[in-house]
file coords-v2.cif (mmCIF, C-alpha atoms; chains and numbers go by the auth columns)
data_protein
loop_
_atom_site.group_PDB
_atom_site.id
_atom_site.type_symbol
_atom_site.label_atom_id
_atom_site.label_comp_id
_atom_site.label_asym_id
_atom_site.label_seq_id
_atom_site.Cartn_x
_atom_site.Cartn_y
_atom_site.Cartn_z
_atom_site.B_iso_or_equiv
_atom_site.auth_seq_id
_atom_site.auth_asym_id
ATOM 1 C CA MET A 1 100.084 -142.366 -17.159 0.00 90 A
ATOM 2 C CA LYS A 2 101.734 -145.146 -19.167 0.00 91 A
ATOM 3 C CA ILE A 3 99.441 -147.832 -20.527 0.00 92 A
ATOM 4 C CA GLY A 4 100.921 -151.023 -21.954 0.00 93 A
ATOM 5 C CA ILE A 5 98.922 -152.836 -24.604 0.00 94 A
ATOM 6 C CA THR A 6 99.467 -156.229 -26.162 0.00 95 A
ATOM 7 C CA ASN A 7 97.793 -158.641 -28.540 0.00 96 A
ATOM 8 C CA ASP A 8 98.140 -161.789 -30.551 0.00 97 A
ATOM 9 C CA HIS A 9 97.080 -162.116 -34.200 0.00 98 A
ATOM 10 C CA HIS A 10 93.412 -162.178 -33.183 0.00 99 A
ATOM 11 C CA GLY A 11 93.629 -158.953 -31.207 0.00 100 A
ATOM 12 C CA PHE A 12 95.501 -156.779 -33.694 0.00 101 A
ATOM 13 C CA TYR A 13 92.504 -154.824 -34.996 0.00 102 A
ATOM 14 C CA LEU A 14 91.129 -153.960 -31.552 0.00 103 A
ATOM 15 C CA LYS A 15 94.615 -153.087 -30.298 0.00 104 A
ATOM 16 C CA GLU A 16 94.996 -150.547 -33.103 0.00 105 A
ATOM 17 C CA ILE A 17 91.599 -149.007 -32.337 0.00 106 A
ATOM 18 C CA LEU A 18 92.284 -148.780 -28.588 0.00 107 A
ATOM 19 C CA THR A 19 95.821 -147.458 -29.080 0.00 108 A
ATOM 20 C CA LYS A 20 94.537 -144.616 -31.257 0.00 109 A
ATOM 21 C CA PHE A 21 91.690 -143.923 -28.812 0.00 110 A
ATOM 22 C CA LEU A 22 94.029 -143.786 -25.803 0.00 111 A
ATOM 23 C CA ASP A 23 96.610 -141.680 -27.662 0.00 112 A
ATOM 24 C CA GLU A 24 93.901 -139.164 -28.526 0.00 113 A
ATOM 25 C CA ALA A 25 92.789 -139.163 -24.874 0.00 114 A
ATOM 26 C CA GLY A 26 96.301 -138.136 -23.848 0.00 115 A
ATOM 27 C CA TYR A 27 97.642 -141.415 -22.484 0.00 116 A
ATOM 28 C CA ASN A 28 101.160 -142.630 -23.206 0.00 117 A
ATOM 29 C CA VAL A 29 100.575 -146.025 -24.837 0.00 118 A
ATOM 30 C CA ILE A 30 103.383 -148.548 -25.206 0.00 119 A
ATOM 31 C CA ASP A 31 102.770 -151.414 -27.633 0.00 120 A
ATOM 32 C CA TYR A 32 104.053 -154.847 -26.588 0.00 121 A
ATOM 33 C CA GLY A 33 101.912 -156.728 -29.067 0.00 122 A
ATOM 34 C CA SER A 34 102.176 -158.520 -32.336 0.00 123 A
ATOM 35 C CA ASN A 35 101.939 -156.595 -35.566 0.00 124 A
ATOM 36 C CA THR A 36 100.386 -159.515 -37.371 0.00 125 A
ATOM 37 C CA GLY A 37 96.757 -159.704 -38.211 0.00 126 A
ATOM 38 C CA ASN A 38 94.395 -159.690 -41.120 0.00 127 A
ATOM 39 C CA VAL A 39 93.257 -156.097 -41.268 0.00 128 A
ATOM 40 C CA SER A 40 94.047 -154.143 -44.407 0.00 129 A
ATOM 41 C CA ASP A 41 92.691 -150.898 -42.874 0.00 130 A
ATOM 42 C CA PHE A 42 95.849 -150.739 -40.783 0.00 131 A
ATOM 43 C CA GLY A 43 98.274 -151.757 -43.532 0.00 132 A
ATOM 44 C CA VAL A 44 98.582 -155.320 -42.280 0.00 133 A
ATOM 45 C CA SER A 45 97.530 -158.290 -44.311 0.00 134 A
ATOM 46 C CA SER A 46 99.642 -160.978 -42.692 0.00 135 A
ATOM 47 C CA THR A 47 97.908 -164.148 -41.630 0.00 136 A
ATOM 48 C CA GLU A 48 100.853 -165.208 -39.470 0.00 137 A
ATOM 49 C CA ILE A 49 99.727 -166.941 -36.302 0.00 138 A
ATOM 50 C CA VAL A 50 101.620 -166.037 -33.129 0.00 139 A
ATOM 51 C CA ASP A 51 101.679 -167.488 -29.625 0.00 140 A
ATOM 52 C CA PHE A 52 99.782 -165.251 -27.204 0.00 141 A
ATOM 53 C CA PRO A 53 101.931 -166.115 -24.138 0.00 142 A
ATOM 54 C CA VAL A 54 104.961 -164.450 -25.752 0.00 143 A
ATOM 55 C CA TYR A 55 103.118 -161.143 -25.941 0.00 144 A
ATOM 56 C CA ALA A 56 101.363 -161.518 -22.591 0.00 145 A
ATOM 57 C CA PHE A 57 104.723 -162.063 -20.890 0.00 146 A
ATOM 58 C CA LYS A 58 106.194 -158.948 -22.560 0.00 147 A
ATOM 59 C CA LEU A 59 103.415 -156.843 -21.054 0.00 148 A
ATOM 60 C CA GLY A 60 103.571 -158.724 -17.772 0.00 149 A
ATOM 61 C CA GLU A 61 107.287 -158.077 -17.349 0.00 150 A
ATOM 62 C CA ALA A 62 106.766 -154.387 -18.117 0.00 151 A
ATOM 63 C CA LEU A 63 104.062 -154.223 -15.434 0.00 152 A
ATOM 64 C CA ALA A 64 106.200 -156.102 -12.910 0.00 153 A
ATOM 65 C CA LYS A 65 109.148 -153.760 -13.555 0.00 154 A
ATOM 66 C CA LYS A 66 106.833 -150.717 -13.280 0.00 155 A
ATOM 67 C CA GLU A 67 107.703 -149.629 -16.828 0.00 156 A
ATOM 68 C CA VAL A 68 103.964 -149.120 -17.357 0.00 157 A
ATOM 69 C CA ASP A 69 101.205 -148.315 -14.877 0.00 158 A
ATOM 70 C CA LEU A 70 98.413 -150.452 -16.320 0.00 159 A
ATOM 71 C CA GLY A 71 98.021 -153.061 -19.035 0.00 160 A
ATOM 72 C CA ILE A 72 95.488 -154.098 -21.656 0.00 161 A
ATOM 73 C CA ALA A 73 95.717 -157.468 -23.398 0.00 162 A
ATOM 74 C CA ILE A 74 93.670 -158.716 -26.336 0.00 163 A
ATOM 75 C CA CYS A 75 93.412 -162.184 -27.829 0.00 164 A
ATOM 76 C CA GLY A 76 90.652 -164.309 -29.315 0.00 165 A
ATOM 77 C CA SER A 77 88.694 -164.690 -26.091 0.00 166 A
ATOM 78 C CA GLY A 78 90.806 -162.702 -23.608 0.00 167 A
ATOM 79 C CA ILE A 79 91.066 -165.797 -21.455 0.00 168 A
ATOM 80 C CA GLY A 80 94.485 -166.981 -22.625 0.00 169 A
ATOM 81 C CA MET A 81 96.061 -163.566 -22.155 0.00 170 A
ATOM 82 C CA SER A 82 94.543 -163.332 -18.682 0.00 171 A
ATOM 83 C CA ILE A 83 95.893 -166.713 -17.650 0.00 172 A
ATOM 84 C CA ALA A 84 99.374 -165.928 -18.975 0.00 173 A
ATOM 85 C CA LEU A 85 99.515 -162.470 -17.393 0.00 174 A
ATOM 86 C CA ASN A 86 98.481 -163.870 -14.030 0.00 175 A
ATOM 87 C CA LYS A 87 101.547 -166.132 -14.085 0.00 176 A
ATOM 88 C CA VAL A 88 103.843 -163.088 -13.856 0.00 177 A
ATOM 89 C CA LYS A 89 104.566 -162.195 -10.242 0.00 178 A
ATOM 90 C CA GLY A 90 103.001 -158.870 -9.330 0.00 179 A
ATOM 91 C CA VAL A 91 100.553 -158.866 -12.222 0.00 180 A
ATOM 92 C CA TYR A 92 96.849 -159.129 -11.496 0.00 181 A
ATOM 93 C CA CYS A 93 94.718 -159.410 -14.610 0.00 182 A
ATOM 94 C CA ALA A 94 90.956 -159.725 -15.010 0.00 183 A
ATOM 95 C CA LYS A 95 89.224 -160.835 -18.187 0.00 184 A
ATOM 96 C CA ILE A 96 86.328 -158.397 -18.437 0.00 185 A
ATOM 97 C CA SER A 97 83.359 -157.863 -20.704 0.00 186 A
ATOM 98 C CA THR A 98 81.006 -155.508 -18.841 0.00 187 A
ATOM 99 C CA PRO A 99 81.300 -152.021 -17.336 0.00 188 A
ATOM 100 C CA ALA A 100 80.516 -153.438 -13.887 0.00 189 A
ATOM 101 C CA GLU A 101 83.441 -155.850 -14.198 0.00 190 A
ATOM 102 C CA ALA A 102 85.727 -153.026 -15.348 0.00 191 A
ATOM 103 C CA ILE A 103 84.860 -151.048 -12.226 0.00 192 A
ATOM 104 C CA SER A 104 84.877 -153.863 -9.681 0.00 193 A
ATOM 105 C CA CYS A 105 88.106 -155.464 -10.869 0.00 194 A
ATOM 106 C CA LYS A 106 89.874 -152.204 -10.081 0.00 195 A
ATOM 107 C CA ALA A 107 87.844 -150.969 -7.075 0.00 196 A
ATOM 108 C CA HIS A 108 87.788 -154.333 -5.292 0.00 197 A
ATOM 109 C CA ASN A 109 90.686 -156.371 -6.665 0.00 198 A
ATOM 110 C CA ASP A 110 93.144 -153.584 -7.540 0.00 199 A
ATOM 111 C CA VAL A 111 94.096 -155.295 -10.808 0.00 200 A
ATOM 112 C CA ASN A 112 96.803 -153.740 -12.939 0.00 201 A
ATOM 113 C CA ALA A 113 95.752 -155.373 -16.218 0.00 202 A
ATOM 114 C CA ILE A 114 92.621 -156.318 -18.104 0.00 203 A
ATOM 115 C CA ALA A 115 92.101 -158.782 -20.919 0.00 204 A
ATOM 116 C CA LEU A 116 89.540 -158.426 -23.682 0.00 205 A
ATOM 117 C CA GLY A 117 88.274 -160.762 -26.376 0.00 206 A
ATOM 118 C CA GLN A 118 88.694 -159.672 -29.970 0.00 207 A
ATOM 119 C CA ASP A 119 85.001 -159.730 -30.850 0.00 208 A
ATOM 120 C CA ILE A 120 83.884 -157.165 -28.306 0.00 209 A
ATOM 121 C CA ASP A 121 82.157 -154.122 -29.777 0.00 210 A
ATOM 122 C CA GLU A 122 84.763 -151.377 -30.166 0.00 211 A
ATOM 123 C CA ASN A 123 82.640 -148.739 -28.402 0.00 212 A
ATOM 124 C CA LEU A 124 82.108 -151.074 -25.470 0.00 213 A
ATOM 125 C CA ALA A 125 85.843 -151.829 -25.447 0.00 214 A
ATOM 126 C CA LYS A 126 86.593 -148.108 -25.219 0.00 215 A
ATOM 127 C CA GLU A 127 84.115 -147.744 -22.348 0.00 216 A
ATOM 128 C CA LEU A 128 85.642 -150.694 -20.487 0.00 217 A
ATOM 129 C CA VAL A 129 89.159 -149.368 -20.901 0.00 218 A
ATOM 130 C CA ILE A 130 88.262 -145.905 -19.602 0.00 219 A
ATOM 131 C CA LYS A 131 86.350 -147.323 -16.627 0.00 220 A
ATOM 132 C CA PHE A 132 89.339 -149.555 -15.829 0.00 221 A
ATOM 133 C CA ILE A 133 91.838 -146.704 -16.079 0.00 222 A
ATOM 134 C CA GLU A 134 89.784 -144.123 -14.193 0.00 223 A
ATOM 135 C CA THR A 135 88.457 -146.304 -11.352 0.00 224 A
ATOM 136 C CA PRO A 136 90.581 -146.067 -8.211 0.00 225 A
ATOM 137 C CA PHE A 137 91.099 -148.869 -5.726 0.00 226 A
ATOM 138 C CA SER A 138 88.538 -148.456 -2.951 0.00 227 A
ATOM 139 C CA ASN A 139 90.957 -149.009 -0.033 0.00 228 A
ATOM 140 C CA ILE A 140 88.213 -150.775 1.919 0.00 229 A
ATOM 141 C CA ASP A 141 89.649 -153.025 4.622 0.00 230 A
ATOM 142 C CA ARG A 142 87.953 -156.226 3.457 0.00 231 A
ATOM 143 C CA TYR A 143 89.344 -155.790 -0.077 0.00 232 A
ATOM 144 C CA ILE A 144 92.801 -154.980 1.226 0.00 233 A
ATOM 145 C CA LYS A 145 92.684 -158.133 3.376 0.00 234 A
ATOM 146 C CA ARG A 146 91.577 -160.322 0.460 0.00 235 A
ATOM 147 C CA ASN A 147 94.136 -158.890 -1.926 0.00 236 A
ATOM 148 C CA ASN A 148 96.862 -159.419 0.665 0.00 237 A
ATOM 149 C CA MET A 149 95.779 -163.062 0.996 0.00 238 A
ATOM 150 C CA ILE A 150 96.399 -163.487 -2.739 0.00 239 A
ATOM 151 C CA LYS A 151 99.779 -161.751 -2.537 0.00 240 A
ATOM 152 C CA PHE A 152 100.771 -163.952 0.412 0.00 241 A
ATOM 153 C CA LYS A 153 99.972 -167.088 -1.611 0.00 242 A
ATOM 154 C CA GLU A 154 101.882 -165.711 -4.569 0.00 243 A
ATOM 155 C CA ASN A 155 104.970 -165.259 -2.381 0.00 244 A
ATOM 156 C CA GLU A 156 104.893 -168.698 -0.707 0.00 245 A
#

call {"tool": "encode", "arguments": {"input": "coords-v2.cif", "output": "structure tokens"}}
result
Amino acid sequence: MKIGITNDHHGFYLKEILTKFLDEAGYNVIDYGSNTGNVSDFGVSSTEIVDFPVYAFKLGEALAKKEVDLGIAICGSGIGMSIALNKVKGVYCAKISTPAEAISCKAHNDVNAIALGQDIDENLAKELVIKFIETPFSNIDRYIKRNNMIKFKENE
């Protein structure tokens, strides 16, 4: 499975942690994010500020073109990345912060991307990512109907 990951300057540290975690778990991780941040542990000490939509759209286009199966986006709050990703046709992103949200966004809404805020505990972030990746869509009629309503609106 190919997992795309992206970040702005706020999300660099967590992106590096999650990339290593997913690599070690056997996933093929493709980095669409910024390499700026303020984290000397990873050999980066740049304080350059970048625009999160640039990096969200890189991941979004990769998802839309099916170059990756799922996406993870990280910025200061996760909200900006989520908004930007949801502007790309065919991308459905949920900003999550709990295990229940990680499960339901996939089981009910069949999202193909999640967004996280930079300050989330790294162990919780790992748990959320695994729950997101491993949870299948439920294929329950009411969820299919609702998701199709969203897709219909998107295609108007």

call {"tool": "atom_distance", "arguments": {"input": "coords-v2.cif", "atom1": "atom CA of A:Phe110", "atom2": "atom CA of A:Asp140"}}
result
25.6 Å

call {"tool": "atom_distance", "arguments": {"input": "coords-v2.cif", "atom1": "atom CA of A:Gly149", "atom2": "atom CA of A:Asp230"}}
result
27.0 Å

call {"tool": "closest_residue", "arguments": {"input": "coords-v2.cif", "among": "A:Gly93, A:Gly206, A:Pro142, A:Pro188", "to": "A:Lys176", "atoms": "all atoms listed in the file"}}
result
A:Pro142

call {"tool": "atom_distance", "arguments": {"input": "coords-v2.cif", "atom1": "atom CA of A:Glu150", "atom2": "atom CA of A:Val180"}}
result
8.5 Å

call {"tool": "closest_residue", "arguments": {"input": "coords-v2.cif", "among": "A:Phe241, A:Phe101, A:Phe146, A:Tyr116", "to": "A:Leu159", "atoms": "only C-alpha atoms"}}
result
A:Tyr116

call {"tool": "closest_residue", "arguments": {"input": "coords-v2.cif", "among": "A:Leu174, A:Val218, A:Ala196, A:Ala151", "to": "A:Lys104", "atoms": "only C-alpha atoms"}}
result
A:Val218

call {"tool": "closest_residue", "arguments": {"input": "coords-v2.cif", "among": "A:Glu216, A:Asp158, A:Glu105, A:Glu223", "to": "A:Asn201", "atoms": "all atoms listed in the file"}}
result
A:Asp158

call {"tool": "closest_residue", "arguments": {"input": "coords-v2.cif", "among": "A:Cys182, A:Ile94, A:Leu107, A:Lys240", "to": "A:Ile119", "atoms": "all atoms listed in the file"}}
result
A:Ile94

call {"tool": "closest_residue", "arguments": {"input": "coords-v2.cif", "among": "A:Ala153, A:Ile192, A:Val118, A:Ile163", "to": "A:Asn175", "atoms": "all atoms listed in the file"}}
result
A:Ala153

call {"tool": "resolve_selection", "arguments": {"input": "coords-v2.cif", "expression": "the PyMOL selection byres ((chain A and resi 212) around 12)", "output": "JSON, numbers by chain"}}
result
{"A": [103, 106, 107, 110, 186, 187, 188, 208, 209, 210, 211, 213, 214, 215, 216, 217, 218, 219]}

call {"tool": "residues_near_point", "arguments": {"input": "coords-v2.cif", "point": "(92.0, -163.8, -16.6)", "cutoff": "9 Å", "atoms": "all atoms listed in the file", "output": "tab-separated table (two decimals) with C-alpha atoms, in the coordinates of the input"}}
result
chain	number	residue	atom	x	y	z
A	167	GLY	CA	90.81	-162.70	-23.61
A	168	ILE	CA	91.07	-165.80	-21.46
A	169	GLY	CA	94.48	-166.98	-22.62
A	170	MET	CA	96.06	-163.57	-22.16
A	171	SER	CA	94.54	-163.33	-18.68
A	172	ILE	CA	95.89	-166.71	-17.65
A	173	ALA	CA	99.37	-165.93	-18.98
A	174	LEU	CA	99.52	-162.47	-17.39
A	175	ASN	CA	98.48	-163.87	-14.03
A	181	TYR	CA	96.85	-159.13	-11.50
A	182	CYS	CA	94.72	-159.41	-14.61
A	183	ALA	CA	90.96	-159.72	-15.01
A	184	LYS	CA	89.22	-160.84	-18.19
A	185	ILE	CA	86.33	-158.40	-18.44
A	203	ILE	CA	92.62	-156.32	-18.10
A	204	ALA	CA	92.10	-158.78	-20.92

call {"tool": "residues_around", "arguments": {"input": "coords-v2.cif", "residues": "A:Glu243", "least_positions_apart": "3", "cutoff": "10 Å", "atoms": "only C-alpha atoms", "output": "VMD selection string"}}
result
chain A and resid 176 to 179 237 to 240

call {"tool": "residues_around", "arguments": {"input": "coords-v2.cif", "residues": "A:Ala189", "least_positions_apart": "5", "cutoff": "10 Å", "atoms": "all atoms listed in the file", "output": "list in words"}}
result
Cys194, Leu217, Lys220 and Phe221 of chain A
